[in-house]
Each structure stands twice: as structure tokens, then as C-alpha cells.
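Colleague: This is work.pdb (PDB, C-alpha atoms and all ligand atoms).
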```
ATOM      1  CA  MET V 295      40.707 -45.378 200.550
ATOM      2  CA  ALA V 296      42.947 -43.707 203.135
ATOM      3  CA  HIS V 297      46.025 -43.619 200.954
ATOM      4  CA  ARG V 298      44.288 -41.493 198.311
ATOM      5  CA  GLN V 299      43.892 -38.713 200.906
ATOM      6  CA  THR V 300      46.578 -36.341 202.120
ATOM      7  CA  TYR V 301      48.263 -36.885 205.452
ATOM      8  CA  ALA V 302      46.610 -33.635 206.630
ATOM      9  CA  GLN V 303      43.118 -34.848 205.707
ATOM     10  CA  ARG V 304      43.738 -38.071 207.579
ATOM     11  CA  ALA V 305      45.199 -36.262 210.615
ATOM     12  CA  ALA V 306      42.094 -34.128 210.920
ATOM     13  CA  LYS V 307      39.857 -37.211 211.270
ATOM     14  CA  HIS V 308      42.016 -39.689 213.132
ATOM     15  CA  PRO V 309      40.550 -40.638 216.555
ATOM     16  CA  ASN V 310      43.773 -41.947 218.164
ATOM     17  CA  PRO V 311      46.077 -39.262 219.643
ATOM     18  CA  ALA V 312      49.357 -41.004 218.723
ATOM     19  CA  ALA V 313      48.295 -41.686 215.125
ATOM     20  CA  LYS V 314      46.984 -38.144 214.806
ATOM     21  CA  ALA V 315      50.265 -36.718 216.113
ATOM     22  CA  LEU V 316      52.227 -38.813 213.628
ATOM     23  CA  LEU V 317      50.092 -37.726 210.661
ATOM     24  CA  GLU V 318      50.307 -34.069 211.738
ATOM     25  CA  THR V 319      54.083 -34.322 212.120
ATOM     26  CA  ILE V 320      54.438 -35.866 208.659
ATOM     27  CA  GLU V 321      52.447 -33.008 207.132
ATOM     28  CA  ARG V 322      54.162 -30.242 209.159
ATOM     29  CA  LYS V 323      57.709 -31.425 208.401
ATOM     30  CA  LYS V 324      56.988 -32.805 204.906
ATOM     31  CA  THR V 325      58.606 -36.107 205.722
ATOM     32  CA  ASN V 326      57.337 -39.694 205.860
ATOM     33  CA  LEU V 327      60.772 -40.960 206.914
ATOM     34  CA  CYS V 328      61.249 -42.892 210.155
ATOM     35  CA  VAL V 329      64.832 -43.647 211.077
ATOM     36  CA  SER V 330      65.421 -46.903 212.946
ATOM     37  CA  VAL V 331      68.318 -46.199 215.300
ATOM     38  CA  ASP V 332      69.803 -49.647 215.849
ATOM     39  CA  VAL V 333      73.034 -48.821 217.651
ATOM     40  CA  THR V 334      74.262 -50.199 220.973
ATOM     41  CA  LYS V 335      75.859 -47.223 222.742
ATOM     42  CA  SER V 336      73.921 -44.341 224.275
ATOM     43  CA  ASP V 337      76.237 -41.688 222.830
ATOM     44  CA  ASP V 338      75.880 -43.031 219.275
ATOM     45  CA  PHE V 339      72.133 -43.377 219.759
ATOM     46  CA  LEU V 340      71.682 -39.740 220.796
ATOM     47  CA  LYS V 341      74.127 -38.481 218.167
ATOM     48  CA  VAL V 342      72.370 -40.232 215.280
ATOM     49  CA  ILE V 343      68.962 -39.044 216.505
ATOM     50  CA  ASP V 344      70.174 -35.456 216.846
ATOM     51  CA  LEU V 345      71.548 -35.571 213.280
ATOM     52  CA  VAL V 346      68.500 -37.129 211.622
ATOM     53  CA  GLY V 347      65.957 -35.282 213.787
ATOM     54  CA  PRO V 348      65.203 -32.475 211.291
ATOM     55  CA  TYR V 349      64.454 -34.983 208.515
ATOM     56  CA  VAL V 350      62.144 -37.446 210.257
ATOM     57  CA  CYS V 351      58.542 -37.734 211.378
ATOM     58  CA  MET V 352      59.427 -40.545 213.744
ATOM     59  CA  VAL V 353      62.368 -42.279 215.406
ATOM     60  CA  LYS V 354      62.180 -46.035 215.905
ATOM     61  CA  THR V 355      64.061 -47.592 218.795
ATOM     62  CA  HIS V 356      65.118 -51.043 220.006
ATOM     63  CA  VAL V 357      65.863 -49.845 223.511
ATOM     64  CA  ASP V 358      66.889 -53.331 224.676
ATOM     65  CA  ILE V 359      70.045 -53.284 222.499
ATOM     66  CA  ILE V 360      71.572 -50.293 224.340
ATOM     67  CA  GLU V 361      74.472 -51.646 226.394
ATOM     68  CA  ASP V 362      74.827 -48.671 228.737
ATOM     69  CA  PHE V 363      71.123 -47.939 229.183
ATOM     70  CA  ALA V 364      70.131 -45.587 232.001
ATOM     71  CA  PRO V 365      66.776 -43.887 232.628
ATOM     72  CA  THR V 366      68.373 -40.533 231.740
ATOM     73  CA  LEU V 367      68.684 -41.793 228.155
ATOM     74  CA  ILE V 368      64.903 -41.669 227.911
ATOM     75  CA  GLU V 369      64.903 -38.081 229.199
ATOM     76  CA  ARG V 370      67.411 -37.118 226.455
ATOM     77  CA  LEU V 371      65.331 -38.962 223.859
ATOM     78  CA  GLN V 372      62.212 -37.100 224.956
ATOM     79  CA  GLU V 373      64.043 -33.753 224.774
ATOM     80  CA  LEU V 374      65.165 -34.566 221.223
ATOM     81  CA  SER V 375      61.606 -35.605 220.353
ATOM     82  CA  VAL V 376      60.305 -32.207 221.488
ATOM     83  CA  ASN V 377      63.155 -30.118 220.043
ATOM     84  CA  HIS V 378      63.172 -31.845 216.637
ATOM     85  CA  ASP V 379      59.416 -32.552 216.563
ATOM     86  CA  PHE V 380      59.187 -36.301 216.020
ATOM     87  CA  VAL V 381      57.132 -39.211 217.352
ATOM     88  CA  ILE V 382      58.795 -42.128 219.185
ATOM     89  CA  PHE V 383      58.116 -45.741 218.172
ATOM     90  CA  GLU V 384      59.613 -48.555 220.275
ATOM     91  CA  ASP V 385      59.843 -51.605 218.010
ATOM     92  CA  ARG V 386      59.339 -54.017 220.911
ATOM     93  CA  LYS V 387      57.406 -56.689 218.997
ATOM     94  CA  PHE V 388      55.499 -57.980 222.027
ATOM     95  CA  ALA V 389      54.467 -61.622 221.613
ATOM     96  CA  ASP V 390      53.207 -63.074 224.943
ATOM     97  CA  ILE V 391      49.964 -63.479 226.889
ATOM     98  CA  GLY V 392      48.048 -60.307 227.770
ATOM     99  CA  ASN V 393      49.078 -60.225 231.429
ATOM    100  CA  THR V 394      52.777 -60.600 230.617
ATOM    101  CA  VAL V 395      52.863 -58.027 227.823
ATOM    102  CA  ALA V 396      51.064 -55.525 230.057
ATOM    103  CA  LEU V 397      53.891 -55.929 232.593
ATOM    104  CA  GLN V 398      56.595 -55.779 229.904
ATOM    105  CA  TYR V 399      55.009 -52.624 228.470
ATOM    106  CA  ALA V 400      54.519 -50.774 231.767
ATOM    107  CA  ALA V 401      57.371 -51.990 233.976
ATOM    108  CA  GLY V 402      60.856 -53.487 233.930
ATOM    109  CA  VAL V 403      63.952 -51.457 233.201
ATOM    110  CA  HIS V 404      62.544 -49.646 230.197
ATOM    111  CA  LYS V 405      58.936 -48.647 231.143
ATOM    112  CA  ILE V 406      58.114 -48.387 227.439
ATOM    113  CA  ALA V 407      54.535 -47.167 227.843
ATOM    114  CA  SER V 408      55.721 -44.081 229.707
ATOM    115  CA  TRP V 409      57.642 -42.689 226.700
ATOM    116  CA  ALA V 410      56.885 -44.509 223.407
ATOM    117  CA  HIS V 411      53.964 -42.976 221.519
ATOM    118  CA  LEU V 412      53.707 -46.149 219.438
ATOM    119  CA  THR V 413      54.779 -49.741 219.925
ATOM    120  CA  ASN V 414      54.005 -52.995 218.142
ATOM    121  CA  ALA V 415      52.985 -56.588 218.735
ATOM    122  CA  HIS V 416      52.881 -59.898 216.940
ATOM    123  CA  PRO V 417      49.259 -61.107 216.655
ATOM    124  CA  VAL V 418      50.359 -64.722 217.234
ATOM    125  CA  PRO V 419      48.951 -65.053 220.811
ATOM    126  CA  GLY V 420      45.472 -63.891 219.717
ATOM    127  CA  PRO V 421      43.428 -60.838 220.764
ATOM    128  CA  GLY V 422      44.463 -61.047 224.446
ATOM    129  CA  ILE V 423      47.755 -59.412 223.495
ATOM    130  CA  VAL V 424      45.876 -56.339 222.311
ATOM    131  CA  SER V 425      43.671 -56.210 225.427
ATOM    132  CA  GLY V 426      46.714 -56.514 227.697
ATOM    133  CA  LEU V 427      48.633 -53.736 225.968
ATOM    134  CA  ALA V 428      45.517 -51.554 225.637
ATOM    135  CA  ALA V 429      44.894 -51.715 229.388
ATOM    136  CA  VAL V 430      48.235 -49.932 229.856
ATOM    137  CA  GLY V 431      48.549 -47.831 226.710
ATOM    138  CA  ARG V 432      45.062 -46.554 225.989
ATOM    139  CA  PRO V 433      44.727 -44.379 229.123
ATOM    140  CA  LEU V 434      48.064 -42.796 228.132
ATOM    141  CA  GLY V 435      46.910 -42.001 224.589
ATOM    142  CA  ARG V 436      49.316 -44.514 223.017
ATOM    143  CA  GLY V 437      48.831 -46.516 219.834
ATOM    144  CA  LEU V 438      49.645 -50.074 218.778
ATOM    145  CA  LEU V 439      50.737 -51.488 215.425
ATOM    146  CA  LEU V 440      50.217 -55.156 214.625
ATOM    147  CA  LEU V 441      52.838 -57.031 212.624
ATOM    148  CA  ALA V 442      50.720 -58.233 209.715
ATOM    149  CA  GLU V 443      53.715 -58.905 207.446
ATOM    150  CA  MET V 444      57.498 -58.774 207.733
ATOM    151  CA  SER V 445      60.173 -57.626 205.323
ATOM    152  CA  THR V 446      62.290 -60.736 205.644
ATOM    153  CA  LYS V 447      62.776 -63.570 203.180
ATOM    154  CA  GLY V 448      60.674 -66.611 204.116
ATOM    155  CA  SER V 449      58.449 -64.693 206.577
ATOM    156  CA  LEU V 450      55.577 -66.838 207.902
ATOM    157  CA  ALA V 451      53.322 -63.778 208.298
ATOM    158  CA  THR V 452      51.409 -64.275 205.055
ATOM    159  CA  GLY V 453      47.981 -65.381 203.810
ATOM    160  CA  ALA V 454      45.539 -66.462 206.544
ATOM    161  CA  TYR V 455      47.861 -65.106 209.270
ATOM    162  CA  THR V 456      47.889 -61.635 207.728
ATOM    163  CA  GLU V 457      44.098 -61.779 207.311
ATOM    164  CA  ALA V 458      43.676 -62.705 210.981
ATOM    165  CA  ALA V 459      45.907 -59.788 211.973
ATOM    166  CA  VAL V 460      43.698 -57.397 210.020
ATOM    167  CA  ARG V 461      40.521 -58.787 211.617
ATOM    168  CA  MET V 462      42.099 -58.435 215.060
ATOM    169  CA  ALA V 463      42.967 -54.804 214.353
ATOM    170  CA  ARG V 464      39.426 -54.046 213.119
ATOM    171  CA  GLU V 465      38.046 -55.300 216.436
ATOM    172  CA  HIS V 466      40.310 -52.934 218.434
ATOM    173  CA  ARG V 467      40.374 -49.729 216.420
ATOM    174  CA  ASP V 468      40.497 -47.524 219.508
ATOM    175  CA  PHE V 469      44.046 -48.736 220.207
ATOM    176  CA  VAL V 470      45.349 -50.528 217.108
ATOM    177  CA  VAL V 471      46.218 -47.737 214.693
ATOM    178  CA  GLY V 472      47.907 -49.673 211.928
ATOM    179  CA  PHE V 473      50.285 -52.332 210.764
ATOM    180  CA  ILE V 474      53.863 -53.152 210.113
ATOM    181  CA  ALA V 475      53.326 -54.423 206.597
ATOM    182  CA  GLN V 476      54.645 -54.299 203.072
ATOM    183  CA  ARG V 477      51.434 -53.033 201.399
ATOM    184  CA  ARG V 478      48.032 -51.587 202.243
ATOM    185  CA  MET V 479      45.628 -53.833 204.109
ATOM    186  CA  GLU V 480      42.194 -52.483 203.049
ATOM    187  CA  SER V 481      41.775 -55.287 200.536
ATOM    188  CA  VAL V 482      42.658 -57.990 203.085
ATOM    189  CA  ALA V 483      39.804 -59.789 204.927
ATOM    190  CA  THR V 484      37.215 -57.550 203.268
ATOM    191  CA  GLU V 485      34.071 -58.934 204.942
ATOM    192  CA  SER V 486      33.745 -56.141 207.527
ATOM    193  CA  VAL V 487      35.479 -53.039 206.190
ATOM    194  CA  ASP V 488      34.285 -49.710 207.598
ATOM    195  CA  PRO V 489      34.910 -47.045 204.915
ATOM    196  CA  GLU V 490      36.044 -44.696 207.732
ATOM    197  CA  GLU V 491      38.845 -46.979 208.951
ATOM    198  CA  ASP V 492      42.322 -45.510 208.560
ATOM    199  CA  PHE V 493      45.121 -47.890 209.432
ATOM    200  CA  LEU V 494      48.641 -46.519 209.069
ATOM    201  CA  ILE V 495      51.061 -48.739 207.180
ATOM    202  CA  LEU V 496      54.634 -48.448 208.470
ATOM    203  CA  THR V 497      57.121 -50.270 206.298
ATOM    204  CA  PRO V 498      60.640 -51.463 207.111
ATOM    205  CA  GLY V 499      62.939 -53.020 204.531
ATOM    206  CA  VAL V 500      63.689 -49.783 202.651
ATOM    207  CA  GLY V 501      67.013 -49.085 200.955
ATOM    208  CA  LEU V 502      68.193 -47.219 197.897
ATOM    209  CA  ASP V 503      71.610 -48.797 197.378
ATOM    210  CA  THR V 504      71.176 -52.496 198.144
ATOM    211  CA  ARG V 505      68.456 -55.187 197.927
ATOM    212  CA  GLY V 506      69.390 -57.174 201.054
ATOM    213  CA  ASP V 507      71.800 -57.642 203.975
ATOM    214  CA  GLY V 508      72.735 -61.338 203.706
ATOM    215  CA  MET V 509      70.730 -62.097 206.908
ATOM    216  CA  GLY V 510      67.254 -62.257 205.405
ATOM    217  CA  GLN V 511      66.466 -58.561 205.186
ATOM    218  CA  GLN V 512      64.989 -57.479 201.823
ATOM    219  CA  TYR V 513      64.993 -53.846 200.675
ATOM    220  CA  ARG V 514      62.658 -51.953 198.370
ATOM    221  CA  THR V 515      62.895 -48.328 197.297
ATOM    222  CA  PRO V 516      60.706 -45.497 198.676
ATOM    223  CA  LYS V 517      58.952 -45.372 195.279
ATOM    224  CA  GLU V 518      58.100 -49.077 195.447
ATOM    225  CA  VAL V 519      56.902 -48.755 199.046
ATOM    226  CA  ILE V 520      55.030 -45.421 199.021
ATOM    227  CA  THR V 521      53.870 -44.893 195.432
ATOM    228  CA  GLU V 522      53.370 -48.469 194.267
ATOM    229  CA  ALA V 523      52.438 -50.343 197.474
ATOM    230  CA  GLY V 524      50.570 -47.382 199.064
ATOM    231  CA  CYS V 525      52.359 -47.510 202.434
ATOM    232  CA  ASP V 526      52.507 -44.425 204.683
ATOM    233  CA  VAL V 527      55.913 -44.361 206.395
ATOM    234  CA  ILE V 528      59.304 -45.654 205.246
ATOM    235  CA  ILE V 529      61.488 -47.084 207.997
ATOM    236  CA  VAL V 530      65.206 -46.879 207.218
ATOM    237  CA  GLY V 531      68.096 -47.989 209.410
ATOM    238  CA  ARG V 532      71.523 -48.867 208.079
ATOM    239  CA  GLY V 533      70.858 -47.147 204.746
ATOM    240  CA  ILE V 534      71.238 -43.874 206.678
ATOM    241  CA  TYR V 535      73.950 -44.453 209.293
ATOM    242  CA  GLY V 536      75.778 -47.627 208.163
ATOM    243  CA  LYS V 537      77.097 -49.479 211.212
ATOM    244  CA  GLY V 538      76.369 -46.491 213.452
ATOM    245  CA  ASP V 539      79.824 -46.208 214.998
ATOM    246  CA  ASN V 540      82.278 -43.457 213.970
ATOM    247  CA  VAL V 541      79.286 -41.396 212.865
ATOM    248  CA  ASP V 542      80.113 -39.222 209.844
ATOM    249  CA  VAL V 543      77.977 -36.139 210.467
ATOM    250  CA  GLN V 544      77.681 -34.947 206.894
ATOM    251  CA  ALA V 545      77.119 -38.413 205.439
ATOM    252  CA  VAL V 546      74.292 -39.179 207.889
ATOM    253  CA  GLN V 547      72.593 -35.838 207.253
ATOM    254  CA  ALA V 548      72.953 -36.253 203.491
ATOM    255  CA  GLN V 549      71.452 -39.756 203.556
ATOM    256  CA  ALA V 550      68.587 -38.646 205.808
ATOM    257  CA  GLU V 551      67.722 -35.807 203.440
ATOM    258  CA  ARG V 552      68.049 -38.159 200.454
ATOM    259  CA  TYR V 553      65.526 -40.639 201.908
ATOM    260  CA  ARG V 554      63.246 -37.817 203.094
ATOM    261  CA  ALA V 555      63.160 -36.295 199.615
ATOM    262  CA  GLU V 556      62.586 -39.679 197.914
ATOM    263  CA  GLY V 557      59.818 -40.612 200.349
ATOM    264  CA  TRP V 558      58.052 -37.280 199.984
ATOM    265  CA  ALA V 559      58.279 -37.280 196.184
ATOM    266  CA  ALA V 560      56.859 -40.814 196.181
ATOM    267  CA  TYR V 561      53.917 -39.615 198.313
ATOM    268  CA  LEU V 562      53.230 -36.605 196.073
ATOM    269  CA  ALA V 563      53.246 -38.938 193.060
ATOM    270  CA  ARG V 564      50.691 -41.154 194.805
ATOM    271  CA  ILE V 565      48.130 -38.511 195.742
ATOM    272  CA  GLN V 566      48.213 -36.497 192.515
TER     273      GLN V 566
HETATM  274  F1  LIG Q 601      58.879 -55.787 211.560
HETATM  275  C1  LIG Q 601      60.029 -55.547 210.999
HETATM  276  C2  LIG Q 601      60.296 -56.095 209.727
HETATM  277  O1  LIG Q 601      59.478 -56.779 209.106
HETATM  278  N1  LIG Q 601      61.511 -55.775 209.176
HETATM  279  C3  LIG Q 601      62.418 -54.993 209.811
HETATM  280  O2  LIG Q 601      63.506 -54.755 209.264
HETATM  281  C4  LIG Q 601      60.938 -54.738 211.626
HETATM  282  N2  LIG Q 601      62.123 -54.456 211.037
HETATM  283  C5  LIG Q 601      63.026 -53.555 211.771
HETATM  284  O3  LIG Q 601      63.334 -52.436 210.942
HETATM  285  C6  LIG Q 601      64.327 -54.179 212.200
HETATM  286  O4  LIG Q 601      64.213 -54.688 213.501
HETATM  287  C7  LIG Q 601      65.288 -52.996 212.142
HETATM  288  O5  LIG Q 601      65.236 -52.292 213.356
HETATM  289  C8  LIG Q 601      64.720 -52.091 211.061
HETATM  290  C9  LIG Q 601      65.354 -52.226 209.689
HETATM  291  O6  LIG Q 601      66.704 -51.833 209.705
HETATM  292  P1  LIG Q 601      67.595 -51.755 208.370
HETATM  293  O7  LIG Q 601      68.935 -51.399 208.875
HETATM  294  O8  LIG Q 601      66.978 -50.669 207.502
HETATM  295  O9  LIG Q 601      67.550 -53.102 207.698
END
```
Mind converting the file's structure to C-alpha cells?

Modeller:
Amino acid sequence: MAHRQTYAQRAAKHPNPAAKALLETIERKKTNLCVSVDVTKSDDFLKVIDLVGPYVCMVKTHVDIIEDFAPTLIERLQELSVNHDFVIFEDRKFADIGNTVALQYAAGVHKIASWAHLTNAHPVPGPGIVSGLAAVGRPLGRGLLLLAEMSTKGSLATGAYTEAAVRMAREHRDFVVGFIAQRRMESVATESVDPEEDFLILTPGVGLDTRGDGMGQQYRTPKEVITEAGCDVIIVGRGIYGKGDNVDVQAVQAQAERYRAEGWAAYLARIQ
């Protein structure tokens, strides 16, 4: 099973360029931490990313929440991605027909496909959503994650829905590189498992100091997520930067290093 191997072993074999780059970055920087930068002002966005950059393998964005968005923000983000050596994941959660998501991915204000190494989609419309996004993203060497589960209380993405998401991913392994999920998916929908398949499991809902946010979010620790549930990347937002305004430089750096160290120790415990 993929999660018994090291990130380096998996990087060496992975056929998708974005997934390979992520696995290589994790190994090179010894971090499986992705920071989700959910702030609404460009200055705060760039400041938080610059502070957490040394500690992360990936930065996750919700670019549509930036109030003062301008195309130059993407240029700054790309510079930070190169300088700090991290992969960019736009958490767009596409959920429409193939033709529409292809347009949303390629065009509009944000032109996500031109800069996000990874993005994600809800499987709810059926496989056409993957074909639509793949038509845009595959020629660019991008990768897609399907939302097989969510971290929130009362999520409907369970049981037969999660199984259908896994089957959909197995039919599009050239572009679908993994899942947003709370556990590994190898044991889900087991009728057609290729022993060579290596889906990355990226997991939000991670916090060390609290178990929820009063709006449905549920937090687990890096140990629960990486060691016990076998996931590959911890996604942490407010646990690192709080509300994201009045950024306290030392506090943000200290939290980023704290989550990095916890996530990496949890990985070492898993592969030993
Ligand atoms: F798909 C999901 C999910 O199931 N749970 C999530 O929390 C995505 N997320 C995202 O991770 C959510 O949109 C936030 O951007 C981030 C979690 O932020 P937090 O501040 O760590 O709760």
C-alpha cells in the first residue's frame, strides 16, 4: 500500500507531474504541511505565505475570497512558490457540468489552470466533470483531487458516494491524483484495485488546540490524520494564523514549525 512507502519512493514512480512535484517537495523539505491561506486582503495573503513558506510543501488558496484581487497577485504567489519551494493548490471545489468547469478552470478573472498545480472537484455531477477539467489541465501537467469525504459534521460525502468517487478516480488516473478525504481510500470500492495505484490523500480539519470552530468544522491532530488514518498531507488554516489580520510574525512562524514537526514525526512513526 502506498502509505507504507516513503514519499521519495512514491515520487520516483508517480506518473503525474504535479503529484510527483508535491511528493518530491515533501521529501526535500521534510514537511507534509499545507497551509490554507484563507484571508481576504492581498497584503495579508502574501505576508502569511512568505512567513509559512519555509515550513510547507504546499499552499492552498481560495482565490475568490481576495477582495482586492489583481493579476499581479498571482505573479507574486508564483514568485513565492519558486523562492520558498512549494506547490500551489487552489481549493476551487468545482461542481458543474464538464463544459462549464472547463471554462471556470481556464478563464474568468482567476485563470486557475494557468497557475495552480492542483485543484479539486466534487464528484457529484459524474465523470463529465473530470473530462472537462482534464481537457484544460492535463496538457498543462496539472492534477485533480476529488472530494471523496469532507471534514465537516453531517457531511453527505459518505458510503456509496465516497465509493463512487473512488471508482471515478480509478477511471481517470492520468489526471486524478488523489482525494480530499479523512482516511486512505485503497480499501474503498475494492473490486478493481491496481496494486500500482498511488492516490494522494490531502486532509483538512487539522488542529492541535481545538476540536471544532462552531460552524461545522471538526479538527483532528496530525498524529490521528497521518499516523492513524494514513493520510499524506495535513491542511491547516486558522490553527496557524488565527484570523489572519494583524499578523504576528513570530507566532505564525512558531505555529507553522509546530505543525510541520508534528506532521513529520507522525509520518516517521507510520513508515517505521
Ligand atoms: F474539502 C474541505 C473539507 O472537507 N474541509 C475543509 O476544511 C476543505 N476544507 C478547507 O480547508 C476549507 O475550505 C478551509 O480552507 C480549510 C480549513 O481551514 P481551517 O482554518 O484549518 O479550518

Colleague: Within 10 Å of Arg477 in chain V, counting all atoms listed in the file, which residues qualify if same-chain residues fewer than 2 places away don't, as a list in words?

Modeller: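 My list of contacting residues is Ala442, Glu443, Phe473, Ile474, Ala475, Met479, Glu480, Ser481, Ile495, Leu496, Thr497, Glu518, Val519, Ile520, Glu522, Ala523, Gly524, Cys525 and Asp526 of chain V.
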
Colleague: Within 6 Å of Pro311 in chain V, counting all atoms listed in the file, which residues show up once you throw out same-chain ones fewer than 2 positions away? Write them as a PyMOL selection string, please.

Modeller: chain V and resi 313-314+435

Colleague: Rounded to one decimal, what separation in Å do you get between CA of Arg514 in chain V and CA of Cys328 in chain V?

Modeller: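 CA of Cys328 in chain V lies 14.9 Å from CA of Arg514 in chain V.
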
Colleague: Could you expand the PyMOL selection byres (((not hetatm)) within 6 of (chain Q and resi 601)) into the explicit residues it covers here, written as a list in words?

Modeller: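 Output of the PyMOL selection byres (((not hetatm)) within 6 of (chain Q and resi 601)): Ser330, Asp332, Met444, Ser445, Thr446, Ile474, Pro498, Gly499, Val500, Val530, Gly531, Arg532 and Gly533 of chain V.
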
Colleague: Measuring between only C-alpha atoms, which one of V:Asp379, V:Glu485, V:Glu384, V:Asp539 shows the shortest distance to Arg461 in chain V?

Modeller: V:Glu485

Colleague: Taking all atoms listed in the file into account, produce a table as a tab-separated table in which each residue of range 422-538 of chain V with an atom at most 6 Å from an atom of range 403-416 of chain V appears once, together with its shortest atom pair and the distance in Å to one decimal, ordered by chain and rising number.

Modeller:
```
residue	atom	partner	partner_atom	distance
V:Arg436	CA	V:His411	CA	5.1
V:Gly437	CA	V:Leu412	CA	4.9
V:Leu438	CA	V:Thr413	CA	5.3
V:Leu439	CA	V:Asn414	CA	4.5
V:Leu440	CA	V:Ala415	CA	5.2
V:Leu441	CA	V:His416	CA	5.2
```

Colleague: Would you export the selected residues with C-alpha atoms as a PDB file, in the frame of the given file, please?

Modeller:
```pdb
ATOM      1  CA  ARG V 436      49.316 -44.514 223.017  1.00  0.00           C
ATOM      2  CA  GLY V 437      48.831 -46.516 219.834  1.00  0.00           C
ATOM      3  CA  LEU V 438      49.645 -50.074 218.778  1.00  0.00           C
ATOM      4  CA  LEU V 439      50.737 -51.488 215.425  1.00  0.00           C
ATOM      5  CA  LEU V 440      50.217 -55.156 214.625  1.00  0.00           C
ATOM      6  CA  LEU V 441      52.838 -57.031 212.624  1.00  0.00           C
TER       7      LEU V 441
END
```

Colleague: Evaluate the PyMOL selection byres (((chain V and resi 372-378) around 9) and not hetatm) and record the selected residues as a VMD selection string, following the chain and residue labels used in the document.

Modeller: chain V and resid 340 343 to 344 347 to 350 352 to 353 367 to 371 379 to 382 409

Colleague: Spell out the residues picked by the PyMOL selection byres (((chain V and resi 429) around 10) and not hetatm) here, as a ChimeraX atom specification.

Modeller: /V:392-393,396,400,424-428,430-434,469

Colleague: Find the residues near range 302-304 of chain V: any atom within 9 Å, counting all atoms listed in the file, skip ones fewer than 4 places away on the same chain, and give them as number ranges by chain.

Modeller: V: 296-297, 308, 314, 317-318, 320-322, 492

Colleague: Quote the spacing between CA of Leu397 in chain V and CA of Pro365 in chain V in Å to one decimal place.

Modeller: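 According to the coordinates, CA of Leu397 in chain V and CA of Pro365 in chain V are separated by 17.6 Å.
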
Colleague: I'd like to know which of V:Gly448, V:Gly501, V:Gly557, V:Gly422 is closest to His466 in chain V, using all atoms listed in the file.

Modeller: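 Of V:Gly448, V:Gly501, V:Gly557, V:Gly422, the one nearest His466 in chain V is V:Gly422, counting all atoms listed in the file.
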
Colleague: Would you save range 405-423 of chain V from the block above with N, CA and C atoms, as a PDB file, in the first residue's frame?

Modeller:
```
ATOM      1  N   LYS V 405      -8.269  32.517 -13.932  1.00  0.00           N
ATOM      2  CA  LYS V 405      -7.459  31.677 -14.828  1.00  0.00           C
ATOM      3  C   LYS V 405      -6.667  30.616 -14.034  1.00  0.00           C
ATOM      4  N   ILE V 406      -7.400  29.867 -13.228  1.00  0.00           N
ATOM      5  CA  ILE V 406      -6.802  28.962 -12.246  1.00  0.00           C
ATOM      6  C   ILE V 406      -5.812  27.974 -12.878  1.00  0.00           C
ATOM      7  N   ALA V 407      -6.189  27.428 -14.031  1.00  0.00           N
ATOM      8  CA  ALA V 407      -5.339  26.393 -14.637  1.00  0.00           C
ATOM      9  C   ALA V 407      -3.947  26.918 -14.978  1.00  0.00           C
ATOM     10  N   SER V 408      -3.832  28.222 -15.174  1.00  0.00           N
ATOM     11  CA  SER V 408      -2.538  28.769 -15.592  1.00  0.00           C
ATOM     12  C   SER V 408      -1.539  28.838 -14.435  1.00  0.00           C
ATOM     13  N   TRP V 409      -1.985  28.699 -13.179  1.00  0.00           N
ATOM     14  CA  TRP V 409      -1.042  28.829 -12.068  1.00  0.00           C
ATOM     15  C   TRP V 409      -1.167  27.779 -10.965  1.00  0.00           C
ATOM     16  N   ALA V 410      -2.328  27.121 -10.832  1.00  0.00           N
ATOM     17  CA  ALA V 410      -2.492  26.155  -9.728  1.00  0.00           C
ATOM     18  C   ALA V 410      -2.047  24.766 -10.187  1.00  0.00           C
ATOM     19  N   HIS V 411      -1.030  24.225  -9.499  1.00  0.00           N
ATOM     20  CA  HIS V 411      -0.565  22.881  -9.865  1.00  0.00           C
ATOM     21  C   HIS V 411      -1.663  21.842  -9.631  1.00  0.00           C
ATOM     22  N   LEU V 412      -2.420  22.058  -8.557  1.00  0.00           N
ATOM     23  CA  LEU V 412      -3.508  21.136  -8.205  1.00  0.00           C
ATOM     24  C   LEU V 412      -4.778  21.936  -7.973  1.00  0.00           C
ATOM     25  N   THR V 413      -5.920  21.330  -8.323  1.00  0.00           N
ATOM     26  CA  THR V 413      -7.203  21.868  -7.897  1.00  0.00           C
ATOM     27  C   THR V 413      -8.099  20.685  -7.564  1.00  0.00           C
ATOM     28  N   ASN V 414      -9.354  20.970  -7.189  1.00  0.00           N
ATOM     29  CA  ASN V 414     -10.212  19.855  -6.771  1.00  0.00           C
ATOM     30  C   ASN V 414     -11.626  20.022  -7.288  1.00  0.00           C
ATOM     31  N   ALA V 415     -12.385  18.928  -7.210  1.00  0.00           N
ATOM     32  CA  ALA V 415     -13.749  18.928  -7.733  1.00  0.00           C
ATOM     33  C   ALA V 415     -14.617  17.987  -6.911  1.00  0.00           C
ATOM     34  N   HIS V 416     -15.878  18.359  -6.798  1.00  0.00           N
ATOM     35  CA  HIS V 416     -16.866  17.452  -6.217  1.00  0.00           C
ATOM     36  C   HIS V 416     -17.271  16.443  -7.298  1.00  0.00           C
ATOM     37  N   PRO V 417     -17.343  15.165  -6.976  1.00  0.00           N
ATOM     38  CA  PRO V 417     -17.749  14.178  -7.994  1.00  0.00           C
ATOM     39  C   PRO V 417     -19.245  14.198  -8.294  1.00  0.00           C
ATOM     40  N   VAL V 418     -20.008  15.046  -7.648  1.00  0.00           N
ATOM     41  CA  VAL V 418     -21.477  14.981  -7.746  1.00  0.00           C
ATOM     42  C   VAL V 418     -22.028  15.038  -9.166  1.00  0.00           C
ATOM     43  N   PRO V 419     -21.427  15.789 -10.141  1.00  0.00           N
ATOM     44  CA  PRO V 419     -22.014  15.784 -11.482  1.00  0.00           C
ATOM     45  C   PRO V 419     -21.745  14.508 -12.277  1.00  0.00           C
ATOM     46  N   GLY V 420     -20.862  13.633 -11.794  1.00  0.00           N
ATOM     47  CA  GLY V 420     -20.482  12.452 -12.579  1.00  0.00           C
ATOM     48  C   GLY V 420     -19.186  12.693 -13.337  1.00  0.00           C
ATOM     49  N   PRO V 421     -18.730  11.655 -14.105  1.00  0.00           N
ATOM     50  CA  PRO V 421     -17.380  11.717 -14.685  1.00  0.00           C
ATOM     51  C   PRO V 421     -17.138  12.846 -15.672  1.00  0.00           C
ATOM     52  N   GLY V 422     -18.191  13.473 -16.200  1.00  0.00           N
ATOM     53  CA  GLY V 422     -18.002  14.599 -17.130  1.00  0.00           C
ATOM     54  C   GLY V 422     -17.226  15.739 -16.502  1.00  0.00           C
ATOM     55  N   ILE V 423     -17.301  15.866 -15.180  1.00  0.00           N
ATOM     56  CA  ILE V 423     -16.558  16.963 -14.532  1.00  0.00           C
ATOM     57  C   ILE V 423     -15.061  16.712 -14.655  1.00  0.00           C
TER      58      ILE V 423
END
```
